[in-house]
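Novice: Just so it is clear, I am handing over work-v9.pdb, which has PDB, C-alpha atoms.
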ATOM      1  CA  MET X   7       0.000   0.000   0.000
ATOM      2  CA  ALA X   8       1.140   3.525  -0.789
ATOM      3  CA  ILE X   9       0.500   6.037   1.998
ATOM      4  CA  LEU X  10       0.685   9.802   1.504
ATOM      5  CA  VAL X  11       2.080  11.616   4.545
ATOM      6  CA  THR X  12       1.342  15.336   4.491
ATOM      7  CA  GLY X  13       3.798  17.292   6.605
ATOM      8  CA  GLY X  14       6.085  14.266   6.474
ATOM      9  CA  GLU X  15       9.242  16.343   6.934
ATOM     10  CA  GLY X  16       8.000  17.775  10.231
ATOM     11  CA  TYR X  17       8.749  16.553  13.738
ATOM     12  CA  ILE X  18       5.989  13.982  14.225
ATOM     13  CA  GLY X  19       5.459  13.358  10.502
ATOM     14  CA  SER X  20       9.054  12.263   9.913
ATOM     15  CA  HIS X  21       8.897   9.756  12.769
ATOM     16  CA  CYS X  22       5.662   8.413  11.330
ATOM     17  CA  VAL X  23       7.266   7.978   7.901
ATOM     18  CA  ILE X  24       9.973   5.838   9.496
ATOM     19  CA  ALA X  25       7.354   3.756  11.322
ATOM     20  CA  LEU X  26       5.411   3.299   8.072
ATOM     21  CA  LEU X  27       8.473   2.060   6.211
ATOM     22  CA  ASP X  28       9.390  -0.256   9.084
ATOM     23  CA  ALA X  29       5.860  -1.694   8.932
ATOM     24  CA  GLY X  30       6.276  -2.501   5.236
ATOM     25  CA  TYR X  31       4.223   0.308   3.713
ATOM     26  CA  ASP X  32       5.364   2.400   0.775
ATOM     27  CA  GLY X  33       5.402   6.079   1.653
ATOM     28  CA  VAL X  34       5.158   9.386  -0.177
ATOM     29  CA  VAL X  35       5.984  12.603   1.669
ATOM     30  CA  PHE X  36       4.125  15.812   0.784
ATOM     31  CA  ASP X  37       5.423  18.965   2.460
ATOM     32  CA  ASN X  38       5.625  22.677   1.674
ATOM     33  CA  GLU X  39       8.914  22.830   3.645
ATOM     34  CA  SER X  40       7.878  26.014   5.424
ATOM     35  CA  THR X  41       8.603  24.758   8.936
ATOM     36  CA  GLY X  42      10.352  21.384   8.576
ATOM     37  CA  PHE X  43      13.998  20.759   9.454
ATOM     38  CA  ALA X  44      16.122  21.289   6.344
ATOM     39  CA  SER X  45      17.911  17.925   6.328
ATOM     40  CA  THR X  46      14.948  15.740   7.292
ATOM     41  CA  GLY X  47      14.203  14.808   3.684
ATOM     42  CA  ASP X  48      17.781  13.620   3.178
ATOM     43  CA  ALA X  49      17.581  11.562   6.377
ATOM     44  CA  LEU X  50      14.347   9.912   5.230
ATOM     45  CA  LYS X  51      15.808   9.131   1.798
ATOM     46  CA  SER X  52      18.730   7.305   3.427
ATOM     47  CA  ILE X  53      16.543   4.931   5.445
ATOM     48  CA  ARG X  54      16.460   1.326   4.291
ATOM     49  CA  SER X  55      13.491  -0.598   5.613
ATOM     50  CA  LYS X  56      10.772  -3.106   4.685
ATOM     51  CA  GLY X  57       8.817  -0.473   2.779
ATOM     52  CA  ARG X  58       9.967   2.057   0.179
ATOM     53  CA  LEU X  59      10.022   5.819   0.277
ATOM     54  CA  GLN X  60       8.609   6.426  -3.194
ATOM     55  CA  GLY X  61       9.040  10.163  -3.220
ATOM     56  CA  ILE X  62       9.336  13.458  -1.380
ATOM     57  CA  VAL X  63       7.124  15.999  -3.079
ATOM     58  CA  LYS X  64       7.230  19.723  -2.379
ATOM     59  CA  GLY X  65       3.673  20.974  -2.557
ATOM     60  CA  ASP X  66       1.076  23.076  -0.796
ATOM     61  CA  LEU X  67      -2.356  21.990   0.385
ATOM     62  CA  LEU X  68      -3.666  25.419  -0.598
ATOM     63  CA  VAL X  69      -2.873  24.559  -4.234
ATOM     64  CA  ARG X  70      -5.369  21.911  -5.296
ATOM     65  CA  GLU X  71      -3.318  21.015  -8.386
ATOM     66  CA  ASP X  72      -0.370  20.022  -6.160
ATOM     67  CA  ILE X  73      -2.536  17.500  -4.318
ATOM     68  CA  ASP X  74      -4.129  16.132  -7.483
ATOM     69  CA  ARG X  75      -0.707  15.667  -9.029
ATOM     70  CA  VAL X  76       0.697  13.573  -6.181
ATOM     71  CA  LEU X  77      -2.443  11.428  -5.927
ATOM     72  CA  ASP X  78      -2.350  10.834  -9.689
ATOM     73  CA  GLN X  79       1.355  10.040  -9.835
ATOM     74  CA  TYR X  80       1.698   7.634  -6.922
ATOM     75  CA  GLY X  81      -1.596   5.740  -6.754
ATOM     76  CA  ILE X  82      -2.175   6.595  -3.109
ATOM     77  CA  ASP X  83      -4.290   4.199  -1.007
ATOM     78  CA  ALA X  84      -4.628   6.231   2.211
ATOM     79  CA  VAL X  85      -3.410   9.461   3.817
ATOM     80  CA  ILE X  86      -1.871  10.396   7.152
ATOM     81  CA  HIS X  87      -2.347  14.133   7.581
ATOM     82  CA  PHE X  88       0.058  16.173   9.728
ATOM     83  CA  ALA X  89       0.487  19.353   7.679
ATOM     84  CA  ALA X  90      -0.690  22.318   9.760
ATOM     85  CA  PHE X  91       0.449  25.437  11.537
ATOM     86  CA  SER X  92       0.557  24.650  15.251
ATOM     87  CA  GLN X  93       1.814  27.609  17.324
ATOM     88  CA  VAL X  94      -0.881  28.595  19.799
ATOM     89  CA  ALA X  95       0.462  32.101  20.422
ATOM     90  CA  GLU X  96       0.787  32.815  16.707
ATOM     91  CA  SER X  97      -2.762  31.595  16.121
ATOM     92  CA  MET X  98      -4.001  34.191  18.607
ATOM     93  CA  CYS X  99      -2.187  36.981  16.739
ATOM     94  CA  ASP X 100      -2.966  35.788  13.199
ATOM     95  CA  PRO X 101      -6.045  33.535  13.205
ATOM     96  CA  GLY X 102      -6.643  34.047   9.488
ATOM     97  CA  LYS X 103      -3.359  32.332   8.689
ATOM     98  CA  TYR X 104      -4.468  29.303  10.705
ATOM     99  CA  TYR X 105      -7.990  29.012   9.330
ATOM    100  CA  LYS X 106      -6.731  29.372   5.769
ATOM    101  CA  ASN X 107      -3.870  26.903   6.049
ATOM    102  CA  ASN X 108      -5.328  24.324   8.418
ATOM    103  CA  VAL X 109      -9.017  24.286   7.509
ATOM    104  CA  THR X 110      -8.989  25.294   3.833
ATOM    105  CA  GLY X 111      -5.897  23.176   3.175
ATOM    106  CA  THR X 112      -7.550  20.128   4.727
ATOM    107  CA  MET X 113     -10.748  20.691   2.739
ATOM    108  CA  ASN X 114      -8.689  20.762  -0.472
ATOM    109  CA  LEU X 115      -7.033  17.509   0.587
ATOM    110  CA  LEU X 116     -10.329  15.783   1.382
ATOM    111  CA  ASP X 117     -11.898  16.969  -1.880
ATOM    112  CA  SER X 118      -8.965  15.662  -3.904
ATOM    113  CA  MET X 119      -9.027  12.366  -2.008
ATOM    114  CA  ARG X 120     -12.747  11.986  -2.716
ATOM    115  CA  ASP X 121     -12.272  12.688  -6.411
ATOM    116  CA  HIS X 122      -9.476  10.095  -6.585
ATOM    117  CA  GLY X 123     -11.329   7.422  -4.614
ATOM    118  CA  VAL X 124      -8.935   7.620  -1.637
ATOM    119  CA  LEU X 125     -11.335   7.172   1.264
ATOM    120  CA  LYS X 126      -9.155   6.614   4.357
ATOM    121  CA  ILE X 127      -7.318   9.252   6.388
ATOM    122  CA  VAL X 128      -5.578   9.388   9.771
ATOM    123  CA  PHE X 129      -5.598  12.943  11.100
ATOM    124  CA  SER X 130      -3.217  14.624  13.517
ATOM    125  CA  SER X 131      -5.592  16.348  15.922
ATOM    126  CA  THR X 132      -4.829  17.695  19.377
ATOM    127  CA  ALA X 133      -5.883  17.763  23.013
ATOM    128  CA  ALA X 134      -6.221  21.529  22.459
ATOM    129  CA  THR X 135      -9.708  20.780  21.109
ATOM    130  CA  TYR X 136     -10.802  20.130  24.720
ATOM    131  CA  GLY X 137      -9.844  23.542  26.077
ATOM    132  CA  GLU X 138      -9.788  24.090  29.833
ATOM    133  CA  PRO X 139     -10.191  20.699  31.529
ATOM    134  CA  GLU X 140     -13.406  20.106  33.448
ATOM    135  CA  TYR X 141     -11.931  16.902  34.878
ATOM    136  CA  VAL X 142      -8.770  14.801  34.605
ATOM    137  CA  PRO X 143      -7.760  12.438  33.235
ATOM    138  CA  ILE X 144      -9.452  13.673  30.055
ATOM    139  CA  ASP X 145     -11.368  11.050  28.079
ATOM    140  CA  GLU X 146     -12.929  11.365  24.627
ATOM    141  CA  LYS X 147     -16.313  12.264  26.136
ATOM    142  CA  HIS X 148     -14.889  15.452  27.633
ATOM    143  CA  PRO X 149     -16.545  18.573  26.123
ATOM    144  CA  GLN X 150     -14.589  20.161  23.286
ATOM    145  CA  ASN X 151     -14.319  23.892  23.933
ATOM    146  CA  PRO X 152     -10.981  25.070  22.482
ATOM    147  CA  ILE X 153      -9.690  28.360  23.828
ATOM    148  CA  ASN X 154      -7.474  29.418  20.916
ATOM    149  CA  PRO X 155      -7.740  29.536  17.108
ATOM    150  CA  TYR X 156      -5.265  26.661  16.680
ATOM    151  CA  GLY X 157      -7.493  24.324  18.696
ATOM    152  CA  ARG X 158     -10.601  25.614  16.945
ATOM    153  CA  THR X 159      -9.142  24.894  13.499
ATOM    154  CA  LYS X 160      -8.456  21.315  14.537
ATOM    155  CA  LEU X 161     -11.984  20.931  15.892
ATOM    156  CA  ASP X 162     -13.438  22.427  12.705
ATOM    157  CA  ILE X 163     -11.527  19.779  10.753
ATOM    158  CA  GLU X 164     -12.907  17.017  12.979
ATOM    159  CA  TYR X 165     -16.444  18.245  12.246
ATOM    160  CA  MET X 166     -15.611  18.437   8.542
ATOM    161  CA  MET X 167     -14.425  14.835   8.592
ATOM    162  CA  ASN X 168     -17.697  13.738  10.199
ATOM    163  CA  ASP X 169     -19.596  15.386   7.348
ATOM    164  CA  TYR X 170     -17.332  13.894   4.659
ATOM    165  CA  ASP X 171     -17.929  10.448   6.109
ATOM    166  CA  TRP X 172     -21.699  10.940   6.171
ATOM    167  CA  ALA X 173     -21.869  12.370   2.639
ATOM    168  CA  TYR X 174     -18.965  10.703   0.817
ATOM    169  CA  LEU X 175     -18.041   7.631   2.955
ATOM    170  CA  LEU X 176     -14.562   9.057   3.571
ATOM    171  CA  LYS X 177     -13.439   7.318   6.766
ATOM    172  CA  SER X 178     -11.159   9.040   9.261
ATOM    173  CA  VAL X 179      -9.370   8.441  12.543
ATOM    174  CA  ARG X 180      -8.588  11.575  14.548
ATOM    175  CA  LEU X 181      -5.728  11.193  17.015
ATOM    176  CA  ARG X 182      -5.780  13.786  19.789
ATOM    177  CA  TYR X 183      -2.219  14.201  21.033
ATOM    178  CA  PHE X 184      -1.211  15.393  24.458
ATOM    179  CA  ASN X 185       2.445  16.514  24.923
ATOM    180  CA  VAL X 186       4.785  14.837  22.436
ATOM    181  CA  ALA X 187       8.423  14.305  23.417
ATOM    182  CA  GLY X 188      11.630  12.569  22.380
ATOM    183  CA  ALA X 189      13.355  11.740  19.110
ATOM    184  CA  ASP X 190      14.142   8.778  16.903
ATOM    185  CA  SER X 191      16.040   6.220  18.987
ATOM    186  CA  LYS X 192      18.559   5.771  16.139
ATOM    187  CA  GLY X 193      19.189   9.513  15.874
ATOM    188  CA  ARG X 194      17.967   9.877  12.289
ATOM    189  CA  VAL X 195      15.335  12.560  12.867
ATOM    190  CA  GLY X 196      14.274  14.705  15.798
ATOM    191  CA  GLU X 197      12.628  17.882  16.968
ATOM    192  CA  CYS X 198      13.461  21.292  15.517
ATOM    193  CA  HIS X 199      11.011  24.175  15.796
ATOM    194  CA  ASP X 200      11.538  27.893  15.329
ATOM    195  CA  PRO X 201      10.479  29.199  17.726
ATOM    196  CA  GLU X 202      10.818  26.193  20.011
ATOM    197  CA  THR X 203       7.869  26.035  22.417
ATOM    198  CA  HIS X 204       8.178  22.490  23.772
ATOM    199  CA  LEU X 205       9.386  21.979  27.319
ATOM    200  CA  ILE X 206      12.088  19.312  26.996
ATOM    201  CA  PRO X 207      14.132  20.838  24.138
ATOM    202  CA  ASN X 208      13.955  24.212  25.862
ATOM    203  CA  ILE X 209      15.330  22.724  29.077
ATOM    204  CA  LEU X 210      18.056  20.887  27.179
ATOM    205  CA  LYS X 211      19.103  24.002  25.258
ATOM    206  CA  SER X 212      20.088  25.539  28.587
ATOM    207  CA  THR X 213      22.860  22.928  28.890
ATOM    208  CA  PHE X 214      24.705  24.237  25.844
ATOM    209  CA  GLY X 215      27.200  27.037  26.089
ATOM    210  CA  SER X 216      25.423  30.343  26.482
ATOM    211  CA  GLY X 217      24.470  29.961  30.137
ATOM    212  CA  GLU X 218      20.944  31.230  29.440
ATOM    213  CA  PRO X 219      18.740  29.798  32.201
ATOM    214  CA  PHE X 220      15.620  27.765  31.610
ATOM    215  CA  HIS X 221      12.531  29.764  32.582
ATOM    216  CA  MET X 222      10.130  27.797  34.776
ATOM    217  CA  TYR X 223       6.724  29.485  34.759
ATOM    218  CA  GLY X 224       4.543  29.036  37.807
ATOM    219  CA  THR X 225       5.523  27.281  41.020
ATOM    220  CA  ASP X 226       2.288  27.761  42.983
ATOM    221  CA  TYR X 227      -0.166  25.507  41.126
ATOM    222  CA  PRO X 228      -2.310  23.055  43.153
ATOM    223  CA  THR X 229      -0.097  20.111  42.146
ATOM    224  CA  ARG X 230       2.303  17.866  44.063
ATOM    225  CA  ASP X 231       5.246  20.277  43.690
ATOM    226  CA  GLY X 232       3.557  23.507  42.585
ATOM    227  CA  THR X 233       4.401  23.234  38.866
ATOM    228  CA  CYS X 234       2.118  22.269  35.984
ATOM    229  CA  VAL X 235       1.409  18.604  35.279
ATOM    230  CA  ARG X 236       1.435  17.424  31.662
ATOM    231  CA  ASP X 237       1.186  14.049  29.925
ATOM    232  CA  TYR X 238       4.337  13.407  27.857
ATOM    233  CA  VAL X 239       3.937  10.749  25.163
ATOM    234  CA  ASN X 240       7.015   9.526  23.299
ATOM    235  CA  VAL X 241       7.092  10.411  19.602
ATOM    236  CA  GLU X 242       7.943   6.837  18.547
ATOM    237  CA  ASP X 243       5.004   5.511  20.571
ATOM    238  CA  LEU X 244       2.895   8.160  18.850
ATOM    239  CA  ALA X 245       4.094   7.005  15.420
ATOM    240  CA  ASP X 246       3.168   3.429  16.320
ATOM    241  CA  ALA X 247      -0.374   4.623  17.068
ATOM    242  CA  HIS X 248      -0.701   5.999  13.536
ATOM    243  CA  ILE X 249       0.190   2.615  12.070
ATOM    244  CA  LEU X 250      -2.428   0.941  14.251
ATOM    245  CA  ALA X 251      -4.995   3.563  13.233
ATOM    246  CA  LEU X 252      -4.201   2.909   9.580
ATOM    247  CA  LYS X 253      -4.642  -0.838  10.057
ATOM    248  CA  TYR X 254      -7.906  -0.161  11.883
ATOM    249  CA  LEU X 255      -9.242   1.675   8.819
ATOM    250  CA  GLU X 256      -7.910  -1.021   6.471
ATOM    251  CA  ASN X 257      -9.895  -3.566   8.460
ATOM    252  CA  GLY X 258     -13.155  -1.667   7.995
ATOM    253  CA  GLY X 259     -13.062   0.490  11.144
ATOM    254  CA  LYS X 260     -15.552   3.325  11.416
ATOM    255  CA  THR X 261     -14.727   7.004  11.680
ATOM    256  CA  ASP X 262     -13.596   7.607  15.258
ATOM    257  CA  TYR X 263     -11.280   9.588  17.545
ATOM    258  CA  PHE X 264      -8.741   8.631  20.198
ATOM    259  CA  ASN X 265      -6.621  10.305  22.864
ATOM    260  CA  LEU X 266      -2.900   9.600  22.714
ATOM    261  CA  GLY X 267      -1.194  10.020  26.052
ATOM    262  CA  THR X 268       0.317   7.919  28.803
ATOM    263  CA  ASN X 269      -2.510   8.162  31.351
ATOM    264  CA  GLU X 270       0.101   9.647  33.702
ATOM    265  CA  GLY X 271       1.399  13.127  34.307
ATOM    266  CA  SER X 272       4.776  14.635  35.125
ATOM    267  CA  THR X 273       5.325  18.044  36.673
ATOM    268  CA  VAL X 274       7.648  20.576  35.110
ATOM    269  CA  ARG X 275      10.016  20.113  38.057
ATOM    270  CA  GLU X 276      10.027  16.341  37.509
ATOM    271  CA  VAL X 277      10.828  16.762  33.824
ATOM    272  CA  PHE X 278      13.571  19.232  34.748
ATOM    273  CA  ASP X 279      15.044  16.723  37.218
ATOM    274  CA  VAL X 280      15.055  13.969  34.586
ATOM    275  CA  CYS X 281      16.859  16.322  32.189
ATOM    276  CA  GLU X 282      19.552  16.971  34.802
ATOM    277  CA  LYS X 283      19.864  13.225  35.436
ATOM    278  CA  VAL X 284      20.216  12.332  31.750
ATOM    279  CA  THR X 285      22.637  15.134  30.906
ATOM    280  CA  GLY X 286      24.631  14.869  34.116
ATOM    281  CA  LYS X 287      24.630  18.657  34.266
ATOM    282  CA  LYS X 288      23.342  21.273  36.644
ATOM    283  CA  ILE X 289      20.949  23.238  34.450
ATOM    284  CA  PRO X 290      20.508  26.948  35.231
ATOM    285  CA  VAL X 291      16.896  27.831  35.997
ATOM    286  CA  SER X 292      14.942  31.030  36.553
ATOM    287  CA  PHE X 293      11.600  30.835  38.363
ATOM    288  CA  GLU X 294       8.915  33.059  36.877
ATOM    289  CA  GLY X 295       5.244  33.768  37.532
ATOM    290  CA  ARG X 296       2.424  31.835  35.930
ATOM    291  CA  ARG X 297       1.700  32.300  32.246
ATOM    292  CA  PRO X 298      -1.939  33.164  31.515
ATOM    293  CA  GLY X 299      -3.975  30.256  30.193
ATOM    294  CA  ASP X 300      -1.807  27.432  31.570
ATOM    295  CA  PRO X 301      -4.088  24.847  33.259
ATOM    296  CA  ALA X 302      -2.636  23.155  36.333
ATOM    297  CA  THR X 303      -3.079  19.608  35.039
ATOM    298  CA  LEU X 304      -3.603  18.025  31.603
ATOM    299  CA  VAL X 305      -3.518  14.229  31.534
ATOM    300  CA  ALA X 306      -5.028  11.834  28.994
ATOM    301  CA  ASP X 307      -7.319   8.909  29.605
ATOM    302  CA  ASN X 308      -6.032   6.559  26.888
ATOM    303  CA  ARG X 309      -8.250   3.536  27.568
ATOM    304  CA  LYS X 310     -10.161   3.859  24.302
ATOM    305  CA  ALA X 311      -6.960   3.707  22.209
ATOM    306  CA  ARG X 312      -5.842   0.685  24.220
ATOM    307  CA  GLU X 313      -9.132  -1.145  23.803
ATOM    308  CA  VAL X 314      -9.968  -0.310  20.167
ATOM    309  CA  LEU X 315      -6.572   0.192  18.500
ATOM    310  CA  GLY X 316      -4.537  -2.077  20.764
ATOM    311  CA  TRP X 317      -2.108   0.768  21.399
ATOM    312  CA  ALA X 318      -0.104   1.173  24.585
ATOM    313  CA  PRO X 319       2.857   3.515  25.120
ATOM    314  CA  SER X 320       6.042   1.634  26.004
ATOM    315  CA  ARG X 321       8.724   4.361  26.315
ATOM    316  CA  THR X 322       9.346   6.231  29.551
ATOM    317  CA  LEU X 323       9.859   9.943  30.161
ATOM    318  CA  GLU X 324      13.562   9.191  30.655
ATOM    319  CA  ASP X 325      13.627   7.470  27.243
ATOM    320  CA  SER X 326      12.159  10.607  25.688
ATOM    321  CA  VAL X 327      14.670  12.892  27.368
ATOM    322  CA  ARG X 328      17.603  10.622  26.496
ATOM    323  CA  THR X 329      16.750  10.515  22.777
ATOM    324  CA  ALA X 330      15.953  14.245  22.711
ATOM    325  CA  TYR X 331      19.323  15.010  24.300
ATOM    326  CA  ALA X 332      21.188  12.743  21.873
ATOM    327  CA  TRP X 333      19.454  14.569  19.035
ATOM    328  CA  GLU X 334      20.340  17.996  20.409
ATOM    329  CA  CYS X 335      23.969  16.931  20.856
ATOM    330  CA  SER X 336      24.127  15.652  17.264
ATOM    331  CA  ARG X 337      23.136  19.107  15.984
ATOM    332  CA  ARG X 338      25.931  20.971  17.773
TER     333      ARG X 338
END
Have the structure of the file written as structure tokens, please.

Specialist:
Amino acid sequence: MAILVTGGEGYIGSHCVIALLDAGYDGVVFDNESTGFASTGDALKSIRSKGRLQGIVKGDLLVREDIDRVLDQYGIDAVIHFAAFSQVAESMCDPGKYYKNNVTGTMNLLDSMRDHGVLKIVFSSTAATYGEPEYVPIDEKHPQNPINPYGRTKLDIEYMMNDYDWAYLLKSVRLRYFNVAGADSKGRVGECHDPETHLIPNILKSTFGSGEPFHMYGTDYPTRDGTCVRDYVNVEDLADAHILALKYLENGGKTDYFNLGTNEGSTVREVFDVCEKVTGKKIPVSFEGRRPGDPATLVADNRKAREVLGWAPSRTLEDSVRTAYAWECSRR
């Protein structure tokens, strides 16, 4: 089977491409290369696995002809869709950019898929569709009330996919990620964002050279040590979930949605301590006040993914930090 991976040169997308090839699928990467790491495509091309990387295509979901061309050329059987803008703060300042790229781009993709008879898609959604938690751990029945344009665009896409199933029989699995962490355990691809907003790489960056401290925001939350609790799921475990979701659709599964998290939470202080343990360094830290809009605790209930997809995370927080640190060191 040939699987199109939109945003396949990005952080999570590139790890998913590797997992696809390891599982014996043929893959085609589609990316506009606006935010991906420059050498990721070269790294993917060098991978030898059970499946084949048939091509890396530069294209834009806002250009319908680009999508039609790749579906025509490669005989795509299903799609895994990562391509999106994902910076919460930017979405607040420029919501139009997010609605145009994320929602309109996805509609173009779904329309092209429908016209080409490609009726299966796995979608990279987000726990941001839930908004402020009413209870934790958060299960899939939790109300979806996103508090920023990024989360709203993802929820709009979920609604769109419901309608495309009802009208056109286009089946989808929406995977709602919590906090993704780590890098490829063989060091082939990893995390590189500009600006970097994720906790672990920002902590690790404070171990290199400049002496700039890590800024820890909020130490007075109602948690076990006063810092925020988040659910950190390893990126390779996350990639495995996409393969299981694809197989679920291949086996006739209905349109559905699943949380991807560990069912456990770690505080910012605990993550910081693991980073010091892995690096063997004393990391400079500056304690700051709370940032507005940061909930005290966000933890996934992942029972549905376990029961329906057969997915269970197997890597630890320390595994994620160790691979992330190896990746950061390789870039220096």

Novice: Between atom CA of Arg58 of chain X and atom CA of Met119 of chain X, what distance in Å does the model show, to one decimal?

Specialist: 21.7 Å

Novice: Can you pull out every residue within 10 Å of segment 249-255 of chain X, counting only C-alpha atoms, but drop anything in the same chain fewer than 2 positions away, and send it as an mmCIF file with C-alpha atoms, in the coordinates of the input?

Specialist:
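Below you can see out05.cif, which holds the result:
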data_model
loop_
_atom_site.group_PDB
_atom_site.id
_atom_site.type_symbol
_atom_site.label_atom_id
_atom_site.label_comp_id
_atom_site.auth_asym_id
_atom_site.auth_seq_id
_atom_site.Cartn_x
_atom_site.Cartn_y
_atom_site.Cartn_z
ATOM 1 C CA ILE X 9 0.500 6.037 1.998
ATOM 2 C CA CYS X 22 5.662 8.413 11.330
ATOM 3 C CA VAL X 23 7.266 7.978 7.901
ATOM 4 C CA ALA X 25 7.354 3.756 11.322
ATOM 5 C CA LEU X 26 5.411 3.299 8.072
ATOM 6 C CA ALA X 29 5.860 -1.694 8.932
ATOM 7 C CA TYR X 31 4.223 0.308 3.713
ATOM 8 C CA ALA X 84 -4.628 6.231 2.211
ATOM 9 C CA VAL X 85 -3.410 9.461 3.817
ATOM 10 C CA ILE X 86 -1.871 10.396 7.152
ATOM 11 C CA LEU X 125 -11.335 7.172 1.264
ATOM 12 C CA LYS X 126 -9.155 6.614 4.357
ATOM 13 C CA ILE X 127 -7.318 9.252 6.388
ATOM 14 C CA VAL X 128 -5.578 9.388 9.771
ATOM 15 C CA PHE X 129 -5.598 12.943 11.100
ATOM 16 C CA LYS X 177 -13.439 7.318 6.766
ATOM 17 C CA SER X 178 -11.159 9.040 9.261
ATOM 18 C CA VAL X 179 -9.370 8.441 12.543
ATOM 19 C CA ARG X 180 -8.588 11.575 14.548
ATOM 20 C CA LEU X 181 -5.728 11.193 17.015
ATOM 21 C CA LEU X 244 2.895 8.160 18.850
ATOM 22 C CA ALA X 245 4.094 7.005 15.420
ATOM 23 C CA ASP X 246 3.168 3.429 16.320
ATOM 24 C CA ALA X 247 -0.374 4.623 17.068
ATOM 25 C CA ASN X 257 -9.895 -3.566 8.460
ATOM 26 C CA GLY X 258 -13.155 -1.667 7.995
ATOM 27 C CA GLY X 259 -13.062 0.490 11.144
ATOM 28 C CA LYS X 260 -15.552 3.325 11.416
ATOM 29 C CA THR X 261 -14.727 7.004 11.680
ATOM 30 C CA ASP X 262 -13.596 7.607 15.258
ATOM 31 C CA TYR X 263 -11.280 9.588 17.545
ATOM 32 C CA PHE X 264 -8.741 8.631 20.198
ATOM 33 C CA ALA X 311 -6.960 3.707 22.209
ATOM 34 C CA VAL X 314 -9.968 -0.310 20.167
ATOM 35 C CA LEU X 315 -6.572 0.192 18.500
ATOM 36 C CA GLY X 316 -4.537 -2.077 20.764
ATOM 37 C CA TRP X 317 -2.108 0.768 21.399
#

Novice: Given the file above and the PyMOL selection byres ((chain X and resi 274-284) around 10), which residues are selected, and can you give them as a VMD selection string?

Specialist: chain X and resid 205 to 207 209 to 210 213 220 222 to 225 231 to 236 238 271 to 273 285 to 289 291 323 to 332

Novice: Arg338 of chain X: which residues within 9 Å, counting all atoms listed in the file, same-chain residues fewer than 3 positions away excluded, as a ChimeraX atom specification?

Specialist: /X:214,334-335

Novice: Rank nothing, just name the residue among X:Pro139, X:Pro219, X:Gly57, X:Gly65 nearest to Ala302 of chain X, using all atoms listed in the file.

Specialist: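 Of X:Pro139, X:Pro219, X:Gly57, X:Gly65, the one nearest Ala302 of chain X, counting all atoms listed in the file, is X:Pro139.
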
Novice: Using only C-alpha atoms, what does the table of segment 235-329 of chain X residues within 12 Å of segment 90-107 of chain X look like, with each row giving the shortest atom pair and its distance in Å to one decimal, sorted by chain and ascending number, as a Markdown table?

Specialist:
| residue | atom | partner | partner_atom | distance |
| --- | --- | --- | --- | --- |
| X:Arg297 | CA | X:Ala95 | CA | 11.9 |
| X:Pro298 | CA | X:Ala95 | CA | 11.4 |
| X:Gly299 | CA | X:Ala95 | CA | 10.9 |
| X:Asp300 | CA | X:Val94 | CA | 11.9 |

Novice: Would you put the residues from that selection into a file with C-alpha atoms, as a compact mmCIF listing (two decimals), keeping the file's coordinate frame?

Specialist:
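The result, stored in part10.txt:
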# COMPACT_ATOMS: atom_id res chain seq x y z
CA ARG X 297 1.70 32.30 32.25
CA PRO X 298 -1.94 33.16 31.52
CA GLY X 299 -3.98 30.26 30.19
CA ASP X 300 -1.81 27.43 31.57

Novice: Box for segment 98-103 of chain X: with edges along x, y and z, all listed atoms inside and 3 Å added on each side, what are the centre and edge lengths in Å to one decimal, as AutoDock Vina command-line options?

Specialist:
--center_x -4.4 --center_y 34.7 --center_z 13.6 --size_x 10.5 --size_y 10.6 --size_z 15.9
